[in-house]
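Coordinates as given in upload01.csv (CSV, C-alpha atoms):
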chain,number,residue,atom,x,y,z
K,17,MET,CA,50.6,14.6,10.4
K,18,LYS,CA,47.1,16.1,10.3
K,19,THR,CA,45.0,15.0,7.4
K,20,LYS,CA,42.1,16.8,5.9
K,21,ASP,CA,38.6,15.3,5.4
K,22,ALA,CA,38.2,15.7,1.6
K,23,ARG,CA,34.4,15.2,2.0
K,24,SER,CA,34.1,18.8,3.3
K,25,LEU,CA,35.4,20.1,0.0
K,26,SER,CA,33.3,21.0,-3.0
K,27,PRO,CA,33.1,18.4,-5.8
K,28,ASP,CA,35.4,20.5,-8.0
K,29,ALA,CA,37.9,21.0,-5.2
K,30,GLN,CA,37.9,17.3,-4.5
K,31,GLU,CA,38.7,16.5,-8.2
K,32,ASP,CA,41.5,19.1,-8.3
K,33,LEU,CA,43.1,17.7,-5.2
K,34,ARG,CA,42.9,14.1,-6.6
K,35,ARG,CA,44.5,15.2,-9.9
K,36,ARG,CA,47.3,17.1,-8.2
K,37,VAL,CA,48.1,14.3,-5.8
K,38,VAL,CA,48.1,11.6,-8.6
K,39,LYS,CA,50.2,13.9,-10.9
K,40,ALA,CA,52.8,14.3,-8.1
K,41,VAL,CA,53.0,10.6,-7.5
K,42,VAL,CA,52.7,9.2,-11.0
K,43,GLU,CA,54.4,11.9,-13.1
K,44,TYR,CA,57.0,13.3,-10.7
K,45,GLY,CA,57.8,10.2,-8.8
K,46,MET,CA,56.9,11.5,-5.3
K,47,ARG,CA,56.5,8.8,-2.7
K,48,GLN,CA,53.0,8.3,-1.4
K,49,THR,CA,54.2,8.8,2.2
K,50,GLN,CA,55.7,12.2,1.2
K,51,ALA,CA,52.6,13.1,-0.8
K,52,ALA,CA,50.5,12.4,2.3
K,53,GLU,CA,52.6,14.9,4.3
K,54,VAL,CA,52.6,17.6,1.5
K,55,PHE,CA,48.9,17.4,0.7
K,56,GLY,CA,47.5,16.5,4.1
K,57,VAL,CA,45.7,13.4,2.8
K,58,ALA,CA,45.8,9.9,4.3
K,59,ARG,CA,48.2,7.6,2.6
K,60,PRO,CA,45.6,4.8,2.0
K,61,THR,CA,43.5,7.3,0.3
K,62,ILE,CA,46.3,8.3,-2.0
K,63,ASN,CA,47.0,4.6,-2.7
K,64,ARG,CA,43.4,4.2,-3.7
K,65,TRP,CA,43.4,7.2,-6.0
K,66,VAL,CA,46.6,6.1,-7.8
K,67,GLY,CA,45.2,2.5,-8.2
K,68,ASP,CA,41.9,3.9,-9.7
K,69,TYR,CA,43.9,6.1,-12.1
K,70,ARG,CA,46.1,3.3,-13.3
K,71,ALA,CA,43.1,1.0,-13.7
K,72,ARG,CA,40.6,3.4,-15.5
K,73,GLY,CA,42.6,6.5,-16.4
K,74,ALA,CA,41.9,10.1,-15.7
K,75,SER,CA,38.2,9.6,-15.7
K,76,ALA,CA,38.5,7.8,-12.4
K,77,LEU,CA,39.5,11.1,-10.8
K,78,ALA,CA,36.5,13.1,-12.1
K,79,SER,CA,34.0,14.4,-9.5
K,80,ARG,CA,30.7,12.6,-9.3
K,81,LYS,CA,27.3,13.8,-8.1
K,82,ARG,CA,26.9,13.2,-4.4
K,83,GLY,CA,23.8,12.4,-2.4
K,84,ARG,CA,20.7,10.2,-2.9
K,85,PRO,CA,20.1,9.3,-6.6
K,86,LYS,CA,17.1,11.3,-8.1
K,87,ARG,CA,15.8,8.3,-9.9
K,88,SER,CA,14.5,5.1,-8.2
K,89,ARG,CA,16.5,2.0,-8.6
K,90,LEU,CA,13.2,0.2,-9.3
K,91,VAL,CA,11.9,0.5,-12.8
K,92,GLY,CA,8.3,1.3,-13.4
K,93,HIS,CA,6.8,-2.2,-13.7
K,94,GLN,CA,8.8,-3.4,-10.6
K,95,ALA,CA,7.4,-0.6,-8.5
K,96,ALA,CA,3.8,-1.3,-9.8
K,97,LEU,CA,4.2,-5.0,-9.0
K,98,ALA,CA,5.5,-4.2,-5.5
K,99,VAL,CA,2.5,-1.9,-4.8
K,100,ARG,CA,0.0,-4.6,-6.0
K,101,LEU,CA,1.6,-7.2,-3.8
K,102,ILE,CA,1.6,-5.0,-0.7
K,103,GLU,CA,-2.0,-4.0,-1.2
K,104,GLY,CA,-3.3,-7.4,-2.1
K,105,ARG,CA,-1.2,-9.8,0.0
K,106,CYS,CA,0.2,-10.2,3.5
K,107,PRO,CA,3.9,-10.8,3.8
K,108,ASP,CA,3.5,-14.3,5.1
K,109,GLN,CA,1.4,-15.2,2.1
K,110,LEU,CA,4.5,-14.3,0.0
K,111,LYS,CA,6.7,-16.5,2.3
K,112,LEU,CA,8.3,-13.6,4.1
K,113,PRO,CA,8.9,-13.9,7.9
K,114,PHE,CA,6.5,-11.0,8.7
K,115,ALA,CA,2.8,-10.7,9.6
K,116,LEU,CA,2.4,-7.0,8.7
K,117,TRP,CA,3.8,-4.8,6.0
K,118,THR,CA,6.7,-2.9,7.7
K,119,ARG,CA,9.7,-1.2,6.1
K,120,GLU,CA,11.7,-4.4,7.0
K,121,ALA,CA,9.1,-6.5,5.2
K,122,VAL,CA,9.3,-4.3,2.1
K,123,VAL,CA,13.1,-4.6,2.2
K,124,GLY,CA,12.6,-8.4,2.2
K,125,LEU,CA,10.1,-8.2,-0.7
K,126,LEU,CA,12.4,-6.2,-2.9
K,127,GLU,CA,15.2,-8.6,-2.2
K,128,GLN,CA,13.1,-11.6,-2.9
K,129,ARG,CA,11.4,-10.4,-6.1
K,130,PHE,CA,14.0,-8.2,-7.7
K,131,GLY,CA,17.3,-9.0,-6.1
K,132,LEU,CA,17.5,-5.4,-5.0
K,133,SER,CA,19.1,-4.7,-1.6
K,134,VAL,CA,18.0,-1.4,0.0
K,135,SER,CA,18.0,0.1,3.5
K,136,VAL,CA,14.9,0.4,5.6
K,137,TRP,CA,15.1,4.2,5.0
K,138,THR,CA,15.0,3.7,1.3
K,139,ALA,CA,12.1,1.4,1.7
K,140,GLY,CA,10.4,4.1,3.7
K,141,ARG,CA,10.9,6.6,0.9
K,142,TYR,CA,9.5,4.2,-1.6
K,143,LEU,CA,6.4,3.6,0.5
K,144,SER,CA,5.9,7.4,0.9
K,145,ARG,CA,6.3,7.9,-2.9
K,146,TRP,CA,3.8,5.2,-3.6
K,147,GLY,CA,1.2,6.8,-1.3
K,148,LEU,CA,1.3,4.0,1.3
K,149,THR,CA,1.0,4.9,5.0
K,150,PRO,CA,1.1,2.9,8.2
K,151,GLN,CA,-2.5,2.0,9.2
K,152,LYS,CA,-4.2,-0.2,11.7
K,153,PRO,CA,-5.4,-3.2,9.6
K,154,LEU,CA,-8.8,-4.7,9.7
K,155,ARG,CA,-9.1,-8.4,10.7
K,156,ARG,CA,-10.7,-10.7,8.2
K,157,ALA,CA,-11.5,-14.3,8.9
K,158,TYR,CA,-9.9,-17.1,6.9
K,159,GLU,CA,-13.4,-18.7,6.7
K,160,GLN,CA,-14.8,-15.8,4.8
K,161,ASP,CA,-16.0,-16.8,1.3
K,162,PRO,CA,-14.9,-14.1,-1.2
K,163,ALA,CA,-17.5,-15.4,-3.8
K,164,ALA,CA,-20.3,-14.9,-1.2
K,165,THR,CA,-19.2,-11.4,-0.4
K,166,GLY,CA,-19.0,-10.6,-4.1
K,167,ARG,CA,-22.5,-11.8,-4.7
K,168,TRP,CA,-23.7,-9.8,-1.7
K,169,LEU,CA,-22.2,-6.6,-3.0
K,170,ALA,CA,-23.1,-7.2,-6.7
K,171,GLU,CA,-26.5,-8.9,-6.5
K,172,GLU,CA,-28.1,-9.6,-3.1
K,173,TYR,CA,-27.9,-6.2,-1.5
K,174,PRO,CA,-28.9,-4.2,-4.6
K,175,ALA,CA,-31.9,-6.5,-4.9
K,176,ILE,CA,-32.8,-5.8,-1.2
K,177,ARG,CA,-32.4,-2.1,-1.8
K,178,SER,CA,-34.6,-2.1,-4.9
K,179,GLU,CA,-37.3,-4.2,-3.2
K,180,ALA,CA,-37.3,-1.9,-0.1
K,181,LYS,CA,-37.7,1.1,-2.3
K,182,ALA,CA,-40.6,-0.5,-4.2
K,183,ASN,CA,-42.3,-1.4,-1.0
K,184,GLY,CA,-41.6,1.8,0.9
K,185,ALA,CA,-39.6,-0.1,3.5
K,186,GLU,CA,-36.7,1.2,5.6
K,187,ILE,CA,-33.4,-0.7,5.7
K,188,HIS,CA,-31.9,-1.2,9.1
K,189,TRP,CA,-28.5,-2.7,9.9
K,190,GLY,CA,-28.4,-4.5,13.2
K,191,ASP,CA,-25.8,-6.1,15.5
K,192,GLU,CA,-25.2,-6.9,19.1
K,193,MET,CA,-22.2,-6.9,21.3
K,194,GLY,CA,-21.0,-7.4,24.9
K,195,LEU,CA,-19.4,-4.6,27.0
K,196,ARG,CA,-16.9,-5.2,29.8
K,197,SER,CA,-15.9,-2.9,32.7
K,198,ASP,CA,-12.2,-3.6,32.1
K,199,CYS,CA,-12.3,-2.2,28.6
K,200,GLN,CA,-9.6,0.4,28.1
K,201,ALA,CA,-9.4,2.7,25.1
K,202,GLY,CA,-7.5,5.9,24.2
K,203,ARG,CA,-4.2,7.4,25.6
K,204,SER,CA,-3.4,9.6,28.5
K,205,TYR,CA,-0.5,12.1,28.8
K,206,GLY,CA,2.2,11.4,31.3
K,207,ARG,CA,5.9,11.9,32.0
K,208,LYS,CA,8.1,10.3,29.4
K,209,GLY,CA,9.2,6.8,30.5
K,210,LYS,CA,6.5,6.6,33.2
K,211,THR,CA,3.3,4.9,32.1
K,212,PRO,CA,0.2,6.7,33.6
K,213,VAL,CA,-1.9,4.7,36.0
K,214,VAL,CA,-5.7,4.9,35.8
K,215,PRO,CA,-7.5,3.9,38.9
K,216,GLY,CA,-10.6,1.7,38.5
K,217,THR,CA,-12.5,-1.0,40.2
K,218,GLY,CA,-10.9,-4.5,40.3
K,219,GLN,CA,-14.4,-6.1,39.8
K,220,ARG,CA,-15.4,-7.4,36.5
K,221,PHE,CA,-18.9,-6.9,35.2
K,222,GLY,CA,-20.6,-6.3,31.9
K,223,CYS,CA,-23.7,-5.8,29.9
K,224,ASN,CA,-24.9,-6.3,26.4
K,225,MET,CA,-26.5,-4.1,23.7
K,226,ILE,CA,-28.3,-4.6,20.5
K,227,SER,CA,-28.8,-1.8,18.0
K,228,SER,CA,-29.8,-0.9,14.5
K,229,ILE,CA,-29.0,2.1,12.3
K,230,THR,CA,-30.1,3.5,8.9
K,231,ASN,CA,-28.2,5.5,6.4
K,232,ARG,CA,-30.7,8.4,7.1
K,233,GLY,CA,-29.3,8.7,10.7
K,234,THR,CA,-31.9,6.7,12.6
K,235,LEU,CA,-30.6,4.7,15.7
K,236,ARG,CA,-32.6,2.2,17.7
K,237,PHE,CA,-31.0,0.3,20.6
K,238,MET,CA,-31.6,-1.8,23.7
K,239,VAL,CA,-29.2,-2.3,26.6
K,240,PHE,CA,-29.6,-5.3,28.9
K,241,ASP,CA,-27.7,-7.2,31.5
K,242,LYS,CA,-28.8,-10.8,30.7
K,243,ARG,CA,-27.7,-13.2,28.0
K,244,PHE,CA,-28.6,-12.6,24.3
K,245,THR,CA,-31.3,-15.1,23.6
K,246,ALA,CA,-34.2,-15.5,21.1
K,247,SER,CA,-36.6,-13.9,23.5
K,248,VAL,CA,-34.3,-10.9,23.9
K,249,PHE,CA,-34.0,-10.6,20.2
K,250,ILE,CA,-37.8,-10.8,19.7
K,251,ASP,CA,-38.2,-8.1,22.3
K,252,PHE,CA,-35.9,-5.8,20.3
K,253,LEU,CA,-37.7,-6.6,17.1
K,254,THR,CA,-41.0,-5.8,18.7
K,255,ARG,CA,-39.7,-2.4,19.8
K,256,LEU,CA,-38.2,-1.8,16.4
K,257,VAL,CA,-41.5,-2.4,14.6
K,258,ARG,CA,-43.4,-0.3,17.1
K,259,GLN,CA,-41.0,2.7,16.8
K,260,THR,CA,-40.9,2.6,12.9
K,261,ASP,CA,-43.9,3.8,10.9
K,262,ARG,CA,-42.7,1.9,7.8
K,263,LYS,CA,-42.0,-1.7,7.0
K,264,VAL,CA,-38.5,-2.7,8.3
K,265,TYR,CA,-35.9,-4.6,6.3
K,266,LEU,CA,-33.4,-5.6,9.0
K,267,ILE,CA,-29.9,-6.9,7.9
K,268,VAL,CA,-28.0,-8.9,10.5
K,269,ASP,CA,-25.2,-11.4,10.6
K,270,GLY,CA,-25.5,-15.2,11.0
K,271,HIS,CA,-25.6,-15.4,14.8
K,272,PRO,CA,-27.5,-18.5,15.9
K,273,VAL,CA,-30.1,-16.4,17.7
K,274,HIS,CA,-31.0,-14.7,14.5
K,275,ARG,CA,-31.9,-18.1,13.0
K,276,ALA,CA,-33.6,-19.6,16.0
K,277,ALA,CA,-36.9,-21.3,15.5
K,278,ASN,CA,-38.8,-18.9,17.8
K,279,VAL,CA,-37.5,-16.0,15.9
K,280,LYS,CA,-38.5,-17.5,12.6
K,281,ARG,CA,-42.1,-18.1,13.9
K,282,TRP,CA,-42.3,-14.5,15.2
K,283,LEU,CA,-41.1,-13.1,11.9
K,284,ALA,CA,-43.7,-15.2,10.0
K,285,ALA,CA,-46.4,-13.8,12.2
K,286,HIS,CA,-45.2,-10.3,11.5
K,287,ALA,CA,-44.3,-10.6,7.9
K,288,ASP,CA,-46.3,-7.5,7.0
K,289,ALA,CA,-44.1,-5.3,9.3
K,290,ILE,CA,-40.6,-6.7,9.1
K,291,ARG,CA,-38.3,-8.9,7.1
K,292,LEU,CA,-34.9,-10.3,8.1
K,293,PHE,CA,-31.8,-10.6,5.8
K,294,HIS,CA,-28.4,-12.2,6.6
K,295,LEU,CA,-25.0,-10.9,5.7
K,296,PRO,CA,-22.4,-13.4,4.2
K,297,GLY,CA,-20.6,-15.4,6.9
K,298,TYR,CA,-17.6,-14.0,8.7
K,299,SER,CA,-18.1,-10.5,7.1
K,300,PRO,CA,-18.5,-8.0,9.9
K,301,GLU,CA,-16.7,-5.3,7.8
K,302,LEU,CA,-19.8,-5.2,5.6
K,303,ASN,CA,-22.1,-4.1,8.5
K,304,PRO,CA,-22.2,-0.3,9.2
K,305,ASP,CA,-23.5,-1.0,12.7
K,306,GLU,CA,-20.0,-2.4,13.6
K,307,TYR,CA,-18.8,1.3,13.5
K,308,LEU,CA,-21.4,2.2,16.1
K,309,ASN,CA,-20.1,-0.7,18.3
K,310,ASN,CA,-16.6,0.6,18.0
K,311,ASP,CA,-17.7,4.1,18.9
K,312,VAL,CA,-19.6,2.9,22.0
K,313,LYS,CA,-16.6,0.8,23.2
K,314,ALA,CA,-14.1,3.6,22.7
K,315,ASN,CA,-16.1,6.6,24.0
K,316,SER,CA,-18.7,5.2,26.4
K,317,VAL,CA,-17.0,2.3,28.0
K,318,GLY,CA,-13.2,2.6,27.3
K,319,ARG,CA,-12.9,6.3,28.5
K,320,ARG,CA,-15.4,6.2,31.4
K,321,ARG,CA,-14.7,4.2,34.5
K,322,ALA,CA,-18.0,2.7,35.8
K,323,LYS,CA,-17.9,1.7,39.5
K,324,ASP,CA,-20.6,-1.0,39.2
K,325,LYS,CA,-22.9,-2.6,36.6
K,326,GLN,CA,-25.7,-0.1,37.1
K,327,GLU,CA,-23.4,2.8,36.3
K,328,LEU,CA,-22.1,0.9,33.3
K,329,LEU,CA,-25.7,0.4,32.0
K,330,ALA,CA,-26.5,4.1,32.6
K,331,ASN,CA,-23.3,5.3,30.8
K,332,VAL,CA,-24.1,3.1,27.7
K,333,ARG,CA,-27.7,4.2,27.6
K,334,GLY,CA,-26.9,7.8,28.1
K,335,TYR,CA,-24.3,7.7,25.3
K,336,LEU,CA,-26.6,6.0,22.9
K,337,ARG,CA,-29.4,8.4,23.6
K,338,SER,CA,-27.1,11.4,22.9
K,339,THR,CA,-26.0,9.7,19.7
K,340,GLN,CA,-29.7,9.3,18.7
K,341,LYS,CA,-30.0,13.1,18.8
K,342,MET,CA,-27.1,13.4,16.3
K,343,PRO,CA,-28.2,11.8,13.0
K,344,GLU,CA,-25.2,13.3,11.3
K,345,VAL,CA,-23.0,11.1,13.5
K,346,VAL,CA,-25.0,8.0,12.6
K,347,ARG,CA,-24.8,8.8,8.9
K,348,GLY,CA,-21.0,9.1,9.3
K,349,PHE,CA,-20.8,5.4,10.1
K,350,PHE,CA,-21.7,4.7,6.5
K,351,ARG,CA,-18.8,6.8,5.1
K,352,ALA,CA,-16.1,4.2,5.8
K,353,GLU,CA,-14.9,2.6,2.6
K,354,PRO,CA,-16.0,-1.0,3.4
K,355,VAL,CA,-19.6,0.0,4.0
K,356,ARG,CA,-20.0,3.0,1.6
K,357,TYR,CA,-22.0,0.7,-0.6
K,358,ALA,CA,-24.9,0.9,2.0
K,359,ALA,CA,-24.9,4.7,2.1

Render the structure in this file as structure tokens.
Amino acid sequence: MKTKDARSLSPDAQEDLRRRVVKAVVEYGMRQTQAAEVFGVARPTINRWVGDYRARGASALASRKRGRPKRSRLVGHQAALAVRLIEGRCPDQLKLPFALWTREAVVGLLEQRFGLSVSVWTAGRYLSRWGLTPQKPLRRAYEQDPAATGRWLAEEYPAIRSEAKANGAEIHWGDEMGLRSDCQAGRSYGRKGKTPVVPGTGQRFGCNMISSITNRGTLRFMVFDKRFTASVFIDFLTRLVRQTDRKVYLIVDGHPVHRAANVKRWLAAHADAIRLFHLPGYSPELNPDEYLNNDVKANSVGRRRAKDKQELLANVRGYLRSTQKMPEVVRGFFRAEPVRYAA
């Protein structure tokens, strides 16, 4: 016996078939096996239809809307709470076995909070509807003091900005970083399933750079191949003062070199030309110069294969000099959301 797949019929045709089969079995006494042969429907299906009819009456045979429900199974306040939790917490903070918010993590959240079981595809549709997209997260240290960052944004930096404006000073944001020859960034096209191989030296060498930028597009830098010490920092400060025709307000992080005794003495001797301010601890996301660092790592080092230290130094210096000539690029580092307050 060849049965038909009733799912291929329209809803009205499905309902008509169910009513005719049930009428033949219930009202006319046709055996279910015979009805299966006559109507071309599997006998277990007929048995289910008859059972539904006897349990709930004729309404059990009515056609129903097929497909995904148009309305979310989450009510408004539940969806709002889910969004707040996803934006404000990590899954492990909510005792979920995930480090990042994935569709599987959202499935677990909905089950945990609302007792709602959904598929990963449904979770993905919810995320899209809520305007949440997959993104590379920023890393924030556990040691960061939210109260200190709040004071910086609400009180300390506005005071620095007002004082700089009153004194005709120029605000610079400074930072330093190390660069390595084995840094790899970006992607390369290749045959599917075969990872491209990029030739490069097996030697490991590096250099350091220190820089400062302003929201007007000014970039100052120094590239060097020795350790970052107080004397190196003072050398950079000397250059910065010499290259700037206004008083400098330099904002840096809490690196020990920035607080060294020699640096403090030098700053005291040049108080008419420069002042140093410190960001809250463990808060690199508040420094626009970090975006310059990322740009240099990605485009000067990660995508250019230096053969030796001298070539690495030349590549970094050349890239920074070209960036100096493009103030619009430097100003763009201040457009990121975490540092827009400094723009």

message = Just checking: using only C-alpha atoms, which residue out of K:Arg255, K:Ser204, K:Asp161, K:Trp117 ends up closest to Tyr298 (chain K)?
response =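 When distances to Tyr298 (chain K) are compared using only C-alpha atoms, the smallest one comes from K:Asp161.
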
task = Using all atoms listed in the file, determine which residues lie at most 9 Å from region 64-74 of chain K, disregarding the query and same-chain residues fewer than 2 positions distant; provide the list as a list in words.
result =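 Residues near the query, excluding close chain neighbours: Arg34, Arg35, Val37, Val38, Val41, Val42, Arg59, Pro60, Thr61, Ile62, Ala76, Leu77 and Ala78 of chain K.
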
query = For the atom pair CA of Glu103 (chain K) and CA of Leu148 (chain K), what is the interatomic distance in Å to one decimal place?
reply = 9.0 Å

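Residues in contact range of region 120-134 of chain K, defined as at most 9 Å between all atoms listed in the file, with sequence neighbours fewer than 3 positions away removed, read Arg89, Leu90, Gln94, Ala98, Ile102, Pro107, Leu110, Leu112, Pro113, Phe114, Ala115, Leu116, Trp117, Trp137, Thr138, Ala139, Gly140 and Leu143 of chain K.
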
inquiry  = Using all atoms listed in the file - which residues lie no farther than 6 Å from the point (-26.7, -1.9, 28.1) in the file's frame? Write them as a PyMOL selection string.
reply    = chain K and resi 223-225+239-240+329+332

C-alpha atoms of the current selection, written as a PDB file, in the coordinates of the input:
ATOM      1  CA  CYS K 223     -23.700  -5.800  29.900  1.00  0.00           C
ATOM      2  CA  ASN K 224     -24.900  -6.300  26.400  1.00  0.00           C
ATOM      3  CA  MET K 225     -26.500  -4.100  23.700  1.00  0.00           C
ATOM      4  CA  VAL K 239     -29.200  -2.300  26.600  1.00  0.00           C
ATOM      5  CA  PHE K 240     -29.600  -5.300  28.900  1.00  0.00           C
ATOM      6  CA  LEU K 329     -25.700   0.400  32.000  1.00  0.00           C
ATOM      7  CA  VAL K 332     -24.100   3.100  27.700  1.00  0.00           C
TER       8      VAL K 332
END

query = With all atoms listed in the file as the basis for distance, which of K:Ile267, K:Ala359, K:Val91, K:Leu235 is at the shortest distance from Leu295 (chain K)?
reply =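 The closest residue to Leu295 (chain K) is K:Ile267.
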
message = Using only C-alpha atoms for the distances, tell me which of K:Arg236, K:Arg281, K:Arg291, K:Arg105 is nearest to Val268 (chain K).
response =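 Among the listed residues, K:Arg291 lies closest to Val268 (chain K).
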
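With all atoms listed in the file as the basis for measurement, K:Asn278 is the residue among K:Asn278, K:Thr260, K:Ser144, K:Thr230 that approaches Val248 (chain K) most closely.
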
ask   = If you measure from CA of Ala164 (chain K) to CA of Gly190 (chain K), what distance in Å do you get, rounded to one decimal?
value =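 We find that CA of Ala164 (chain K) and CA of Gly190 (chain K) lie 19.5 Å from each other.
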